[in-house]
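Take a look at the structure below.
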Amino acid sequence: MRTVSANDRGTVRLARAFAAFLCALALLPVGSSAHAGVASSSRLSAGPDRECATPSIDQYQQWLATGEGTTVPATGSLLVPEGDRYAAKVELLNDEWHVIVVWLGNQFEAQADLSGSSGFWLTYSATDDLYIQLRPASHWSGGDKWLTPVPSTGGKLERRFFSFAPDNWTWLPELGEPSYSFASALSEARGLVFVGKTPNTLDFRGLEVDGYQPPCL
């Protein structure tokens, strides 16, 4: 009968421990990591990797200069290639009101119910302060809209969250008081509209609305 040495017993214990380690690894979910709780800082925008067949930012295809106020470009799409993705870039010129539009459903006739949304993440750079309006389908035209400030980033690209909490939204006497509630604007949101009255250089790289994904057209 062969005597099992201390070295043999140690080898068996090591083999069993290694087998247990391999079994534990097999039970981990795909893509898990020891650093799963640490957010990566390599991407300012955490939007979806899948984009539309035509130019888009996080699947938003319509970033438009409206011709209201002097801008470059003056009208049409703001989307330009930026590496392997797209950016929406525009310059606001002169001390006058400028209007830049993002259609939430990628077409003017579409609207979204954002009543259950907490807000949106915007990745952008701006050389001066401006505002963003939430425009509903039933009250699209005119300046008398609910809005929230969009702070200057000093020309640096930043990612910021804008809450849909009613206390964060107001209106400007110069543009007029809305005749409808902010809650109703959320329930029939047609677009996010950037308005500013000063010269500004804007660069948009990401837009993620909580609980809403636009359809590609």
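Following the order of the structure tokens, first chain is A, next is B, and so on, with residues numbered from 1 inside each chain and ligands from 1 in the order they appear.
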
Sel. of strand (DSSP E or B) residues, segment 116-186 of chain A, as number ranges by chain:
A: 119-126, 130-136, 147-150, 158-163, 170

Same residues, N, CA, C and O atoms, saved as an mmCIF file, in the first residue's frame:
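selection.cif, written as the output of this step:
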```
data_model
loop_
_atom_site.group_PDB
_atom_site.id
_atom_site.type_symbol
_atom_site.label_atom_id
_atom_site.label_comp_id
_atom_site.auth_asym_id
_atom_site.auth_seq_id
_atom_site.Cartn_x
_atom_site.Cartn_y
_atom_site.Cartn_z
ATOM 1 N N GLY A 119 -35.412 63.168 -16.258
ATOM 2 C CA GLY A 119 -34.659 64.248 -16.880
ATOM 3 C C GLY A 119 -33.779 63.717 -17.988
ATOM 4 O O GLY A 119 -34.006 62.623 -18.513
ATOM 5 N N PHE A 120 -32.743 64.464 -18.333
ATOM 6 C CA PHE A 120 -31.871 64.045 -19.433
ATOM 7 C C PHE A 120 -30.429 64.454 -19.167
ATOM 8 O O PHE A 120 -30.137 65.429 -18.478
ATOM 9 N N TRP A 121 -29.520 63.659 -19.746
ATOM 10 C CA TRP A 121 -28.090 63.952 -19.739
ATOM 11 C C TRP A 121 -27.736 64.630 -21.050
ATOM 12 O O TRP A 121 -28.145 64.177 -22.119
ATOM 13 N N LEU A 122 -26.964 65.698 -20.958
ATOM 14 C CA LEU A 122 -26.508 66.417 -22.147
ATOM 15 C C LEU A 122 -24.989 66.511 -22.092
ATOM 16 O O LEU A 122 -24.428 66.966 -21.094
ATOM 17 N N THR A 123 -24.346 66.063 -23.151
ATOM 18 C CA THR A 123 -22.900 66.220 -23.281
ATOM 19 C C THR A 123 -22.655 67.337 -24.282
ATOM 20 O O THR A 123 -23.044 67.224 -25.448
ATOM 21 N N TYR A 124 -22.018 68.407 -23.833
ATOM 22 C CA TYR A 124 -21.923 69.605 -24.674
ATOM 23 C C TYR A 124 -20.779 70.505 -24.222
ATOM 24 O O TYR A 124 -20.229 70.350 -23.123
ATOM 25 N N SER A 125 -20.445 71.467 -25.073
ATOM 26 C CA SER A 125 -19.600 72.575 -24.668
ATOM 27 C C SER A 125 -20.266 73.860 -25.133
ATOM 28 O O SER A 125 -20.928 73.894 -26.182
ATOM 29 N N ALA A 126 -20.127 74.918 -24.342
ATOM 30 C CA ALA A 126 -20.719 76.212 -24.650
ATOM 31 C C ALA A 126 -19.795 77.304 -24.120
ATOM 32 O O ALA A 126 -19.254 77.174 -23.022
ATOM 33 N N LEU A 130 -26.937 79.776 -21.931
ATOM 34 C CA LEU A 130 -28.129 79.797 -22.777
ATOM 35 C C LEU A 130 -29.236 79.055 -22.039
ATOM 36 O O LEU A 130 -29.102 78.760 -20.846
ATOM 37 N N TYR A 131 -30.334 78.768 -22.727
ATOM 38 C CA TYR A 131 -31.470 78.067 -22.127
ATOM 39 C C TYR A 131 -31.900 76.927 -23.037
ATOM 40 O O TYR A 131 -31.612 76.917 -24.237
ATOM 41 N N ILE A 132 -32.635 75.983 -22.428
ATOM 42 C CA ILE A 132 -33.282 74.952 -23.229
ATOM 43 C C ILE A 132 -34.757 74.928 -22.875
ATOM 44 O O ILE A 132 -35.131 74.930 -21.696
ATOM 45 N N GLN A 133 -35.604 74.960 -23.902
ATOM 46 C CA GLN A 133 -37.051 74.916 -23.724
ATOM 47 C C GLN A 133 -37.569 73.510 -24.003
ATOM 48 O O GLN A 133 -37.048 72.816 -24.880
ATOM 49 N N LEU A 134 -38.595 73.120 -23.264
ATOM 50 C CA LEU A 134 -39.326 71.889 -23.553
ATOM 51 C C LEU A 134 -40.616 72.311 -24.256
ATOM 52 O O LEU A 134 -41.513 72.876 -23.630
ATOM 53 N N ARG A 135 -40.675 72.067 -25.555
ATOM 54 C CA ARG A 135 -41.828 72.544 -26.333
ATOM 55 C C ARG A 135 -42.814 71.411 -26.599
ATOM 56 O O ARG A 135 -42.447 70.380 -27.185
ATOM 57 N N PRO A 136 -44.082 71.602 -26.229
ATOM 58 C CA PRO A 136 -45.103 70.567 -26.475
ATOM 59 C C PRO A 136 -45.710 70.704 -27.871
ATOM 60 O O PRO A 136 -45.632 71.767 -28.508
ATOM 61 N N LEU A 147 -38.641 76.711 -19.568
ATOM 62 C CA LEU A 147 -37.228 76.550 -19.903
ATOM 63 C C LEU A 147 -36.380 76.382 -18.645
ATOM 64 O O LEU A 147 -36.821 76.667 -17.532
ATOM 65 N N THR A 148 -35.144 75.920 -18.857
ATOM 66 C CA THR A 148 -34.187 75.760 -17.763
ATOM 67 C C THR A 148 -32.827 76.248 -18.256
ATOM 68 O O THR A 148 -32.513 76.113 -19.449
ATOM 69 N N PRO A 149 -32.011 76.835 -17.379
ATOM 70 C CA PRO A 149 -30.706 77.356 -17.812
ATOM 71 C C PRO A 149 -29.745 76.230 -18.215
ATOM 72 O O PRO A 149 -29.735 75.156 -17.627
ATOM 73 N N VAL A 150 -28.947 76.515 -19.225
ATOM 74 C CA VAL A 150 -27.850 75.648 -19.647
ATOM 75 C C VAL A 150 -26.562 76.438 -19.432
ATOM 76 O O VAL A 150 -26.270 77.365 -20.185
ATOM 77 N N GLU A 158 -18.445 68.861 -21.426
ATOM 78 C CA GLU A 158 -18.907 68.355 -20.143
ATOM 79 C C GLU A 158 -20.205 67.576 -20.325
ATOM 80 O O GLU A 158 -20.947 67.793 -21.284
ATOM 81 N N ARG A 159 -20.483 66.700 -19.369
ATOM 82 C CA ARG A 159 -21.733 65.932 -19.354
ATOM 83 C C ARG A 159 -22.505 66.323 -18.107
ATOM 84 O O ARG A 159 -22.013 66.150 -16.991
ATOM 85 N N ARG A 160 -23.731 66.860 -18.294
ATOM 86 C CA ARG A 160 -24.519 67.355 -17.166
ATOM 87 C C ARG A 160 -25.935 66.801 -17.230
ATOM 88 O O ARG A 160 -26.466 66.534 -18.302
ATOM 89 N N PHE A 161 -26.527 66.671 -16.037
ATOM 90 C CA PHE A 161 -27.898 66.176 -15.937
ATOM 91 C C PHE A 161 -28.847 67.343 -15.709
ATOM 92 O O PHE A 161 -28.599 68.216 -14.873
ATOM 93 N N PHE A 162 -29.959 67.347 -16.463
ATOM 94 C CA PHE A 162 -31.000 68.364 -16.332
ATOM 95 C C PHE A 162 -32.286 67.666 -15.900
ATOM 96 O O PHE A 162 -32.854 66.871 -16.637
ATOM 97 N N SER A 163 -32.727 67.975 -14.687
ATOM 98 C CA SER A 163 -33.878 67.302 -14.098
ATOM 99 C C SER A 163 -35.193 67.858 -14.647
ATOM 100 O O SER A 163 -35.302 69.048 -14.954
ATOM 101 N N THR A 170 -38.636 77.287 -15.485
ATOM 102 C CA THR A 170 -39.231 78.601 -15.299
ATOM 103 C C THR A 170 -39.536 79.213 -16.662
ATOM 104 O O THR A 170 -39.561 78.504 -17.679
#
```

Residue neighbourhood Pro173 of chain A, 12 Å, only C-alpha atoms, exclusion window fewer than 5 positions, as a PyMOL selection string:
chain A and resi 143-147+178

Can you pull out every residue within 12 Å of Val102 of chain A, counting only C-alpha atoms, but drop anything in the same chain fewer than 3 positions away, and send it as a count of residues only?
37

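Note that atom CA of Ala87 of chain A and atom CA of Gln213 of chain A are 18.3 Å apart.
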
Computed interatomic separation between atom CA of Arg205 of chain A and atom CA of Trp103 of chain A (Å)
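Rounded to one decimal, the two atoms are 15.6 Å apart.
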
Go ahead and compute the interatomic distance for atom CA of Ser141 of chain A and atom CA of Gly196 of chain A, in Å to one decimal.
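Value for the atom CA of Ser141 of chain A-atom CA of Gly196 of chain A distance: 16.4 Å.
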
Restricting the calculation to only C-alpha atoms, which member of A:Asp58, A:Glu68, A:Glu177, A:Asp203 is positioned closest to Asn94 of chain A?
A:Glu68

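Closest approach to Val101 of chain A among A:Ser152, A:Ser187, A:Thr75, A:Thr201 is made by A:Thr75 (distances from only C-alpha atoms).
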
Selected residue, from A:His139, A:Lys156, A:Arg50, A:His98, that lies nearest to Lys197 of chain A when counting only C-alpha atoms
A:His98

Write out as a PyMOL selection string all residues of segment 80-211 of chain A that DSSP puts in alpha helix (DSSP H) for this structure's backbone.
chain A and resi 182-187

With distances taken over only C-alpha atoms, which of A:Asp84, A:Glu188, A:Asp128, A:Glu51 is nearest to Glu109 of chain A?
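Counting only C-alpha atoms, the residue closest to Glu109 of chain A is A:Glu188.
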
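Compared by their closest atoms to Gly116 of chain A, and using only C-alpha atoms, the residues A:Tyr180, A:Phe164, A:Trp97, A:Trp171 rank with A:Phe164 nearest.
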